[in-house]
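Asks: Encoded as structure tokens, here's the structure I'll be asking about.
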Amino acid sequence: MSADTEKSAASAGEEKAESERIMLVVVDDSKEMPVALHFACRRARNTGGRVALMTVIKPADFQHWASVGDLMRQEAREEGEQLLQRLSAEVLEWSGRYPILYIREGDTREELMALLDEEPSISILVLAASAGSSGPGPLISYLLSKKARETRIPITIVPGNLSDEEILEIT
């Protein structure tokens, strides 16, 4: 392969990565998260995009003994990694590609906004609204009331009560 051919191949790969639609899903323990995940996977599959998963570990509140706090932090990180690995298999099945994984520590809202600022490759945030009567959910409420105008990407909010069949129909 000539140097010019290698440059062209590298440029094409870089252009593809830059134009690839990356759909971020915030992984939490909500009932609606799997709906957002499946929706993002199907959209990624049908548009040639890719899914990214972000989980946020709460900081250890145990300050009396540093070693205990470190152990709690390490255990929380391992749990987050295991969760993302389990979901990665699901993302591969639904989208046809492995996801990009992000593990952060801190407040979910703050870490989400920081990740969106740091990662220009993320092009869409996909969230599912709560199906309950208590409102759309804390993260969606936060984004829509205070931060939506600060984001540089579209936010897709899907109904949290969609079935897998309904997701297949609309994507």
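Numbering starts fresh at 1 for the residues of each chain in the structure tokens, the chains themselves are lettered A, B, ... in the order given, and ligands are numbered from 1 as they appear.
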Just list the residues in chain A DSSP gives alpha helix (DSSP H) on the backbone, as JSON, numbers by chain.
Replies: {"A": [3, 4, 5, 6, 7, 8, 9, 10, 11, 12, 13, 14, 15, 16, 17, 18, 19, 33, 34, 35, 36, 37, 38, 39, 40, 41, 42, 43, 44, 45, 46, 47, 66, 67, 68, 69, 70, 71, 72, 73, 74, 75, 76, 77, 78, 79, 80, 81, 82, 83, 84, 85, 86, 87, 88, 89, 90, 91, 92, 93, 94, 95, 108, 109, 110, 111, 112, 113, 114, 115, 116, 117, 118, 138, 139, 140, 141, 142, 164, 165, 166, 167, 168, 169, 170]}
Asks: Could the residues of segment 56-166 of chain A that have an atom at most 6 Å from segment 17-36 of chain A be listed as CSV, each with its closest atom pair and the distance in Å to one decimal, counting only C-alpha atoms and ordered by chain and ascending residue number?
Replies:
residue,atom,partner,partner_atom,distance
A:Ile122,CA,A:Ile22,CA,4.9
A:Ser123,CA,A:Ile22,CA,5.3
A:Ile124,CA,A:Met23,CA,4.8
A:Leu125,CA,A:Leu24,CA,4.8
A:Val126,CA,A:Val25,CA,5.4
A:Leu127,CA,A:Ala36,CA,5.2
A:Ala128,CA,A:Ala36,CA,4.9
A:Gly160,CA,A:Glu32,CA,4.7
Asks: Check the smallest atom-to-atom distance from each of A:Leu53, A:Ile157, A:Leu92, A:Ala40 to Leu112 of chain A using only C-alpha atoms, then report the winner.
Replies: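 Looking only at the distances to Leu112 of chain A, the closest residue turns out to be A:Leu53.
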Asks: From the DSSP assignment of the backbone, select every residue of chain A that is strand (DSSP E), and format the answer as an MDAnalysis selection string.
Replies: chainID A and resid 22:27 50:57 100:105 122:129 155:159
Asks: Output the selection as a PDB file, in the first residue's frame - C-alpha atoms for each residue.
Replies:
ATOM      1  CA  ILE A  22     -23.380   8.415  18.394  1.00  0.00           C
ATOM      2  CA  MET A  23     -26.445   8.112  20.587  1.00  0.00           C
ATOM      3  CA  LEU A  24     -25.791   8.401  24.300  1.00  0.00           C
ATOM      4  CA  VAL A  25     -27.960   6.579  26.834  1.00  0.00           C
ATOM      5  CA  VAL A  26     -27.592   7.273  30.553  1.00  0.00           C
ATOM      6  CA  VAL A  27     -27.619   3.930  32.353  1.00  0.00           C
ATOM      7  CA  ARG A  50     -23.513   3.720  17.291  1.00  0.00           C
ATOM      8  CA  VAL A  51     -24.681   3.633  20.908  1.00  0.00           C
ATOM      9  CA  ALA A  52     -22.726   4.988  23.862  1.00  0.00           C
ATOM     10  CA  LEU A  53     -23.555   4.070  27.446  1.00  0.00           C
ATOM     11  CA  MET A  54     -22.762   6.235  30.441  1.00  0.00           C
ATOM     12  CA  THR A  55     -23.114   5.210  34.053  1.00  0.00           C
ATOM     13  CA  VAL A  56     -22.356   7.460  36.983  1.00  0.00           C
ATOM     14  CA  ILE A  57     -21.073   6.152  40.285  1.00  0.00           C
ATOM     15  CA  ILE A 100     -18.823   3.049  23.586  1.00  0.00           C
ATOM     16  CA  LEU A 101     -18.649   2.947  27.392  1.00  0.00           C
ATOM     17  CA  TYR A 102     -18.271   5.796  29.872  1.00  0.00           C
ATOM     18  CA  ILE A 103     -17.986   5.445  33.643  1.00  0.00           C
ATOM     19  CA  ARG A 104     -17.982   8.656  35.642  1.00  0.00           C
ATOM     20  CA  GLU A 105     -18.056   9.462  39.348  1.00  0.00           C
ATOM     21  CA  ILE A 122     -21.788  12.348  20.813  1.00  0.00           C
ATOM     22  CA  SER A 123     -24.551  13.591  18.536  1.00  0.00           C
ATOM     23  CA  ILE A 124     -27.826  12.652  20.280  1.00  0.00           C
ATOM     24  CA  LEU A 125     -28.897  12.080  23.885  1.00  0.00           C
ATOM     25  CA  VAL A 126     -31.659   9.473  24.203  1.00  0.00           C
ATOM     26  CA  LEU A 127     -33.766   9.359  27.375  1.00  0.00           C
ATOM     27  CA  ALA A 128     -37.069   7.709  28.243  1.00  0.00           C
ATOM     28  CA  ALA A 129     -39.731   9.602  30.157  1.00  0.00           C
ATOM     29  CA  ILE A 155     -32.307  15.369  23.139  1.00  0.00           C
ATOM     30  CA  THR A 156     -34.644  12.570  22.119  1.00  0.00           C
ATOM     31  CA  ILE A 157     -37.223  11.706  24.766  1.00  0.00           C
ATOM     32  CA  VAL A 158     -39.190   8.531  24.160  1.00  0.00           C
ATOM     33  CA  PRO A 159     -42.228   7.379  26.143  1.00  0.00           C
TER      34      PRO A 159
END
Asks: What does the structure give for the distance between atom CA of Phe39 of chain A and atom CA of Asn161 of chain A, in Å to one decimal?
Replies: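 According to the coordinates, atom CA of Phe39 of chain A and atom CA of Asn161 of chain A are separated by 11.7 Å.
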Asks: Nearest to Cys41 of chain A among A:Arg152, A:Lys147, A:Arg97, A:Arg109, with distances taken over only C-alpha atoms: which residue is it?
Replies: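 Closest candidate: A:Arg97.
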Asks: In Å to one decimal, how far is atom CA of Arg42 of chain A from atom CA of Gly96 of chain A?
Replies: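 Spanning atom CA of Gly96 of chain A to atom CA of Arg42 of chain A is a straight-line distance of 9.2 Å.
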Asks: Which of these residues is nearest to Thr47 of chain A, using only C-alpha atoms: A:Thr108, A:Ser134, A:Gln74, A:Ser95?
Replies: A:Ser95
Asks: What is the atom CA of Glu150 of chain A-atom CA of Leu116 of chain A distance in Å, reported with one decimal?
Replies: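 Interatomic distance, atom CA of Glu150 of chain A to atom CA of Leu116 of chain A: 10.1 Å.
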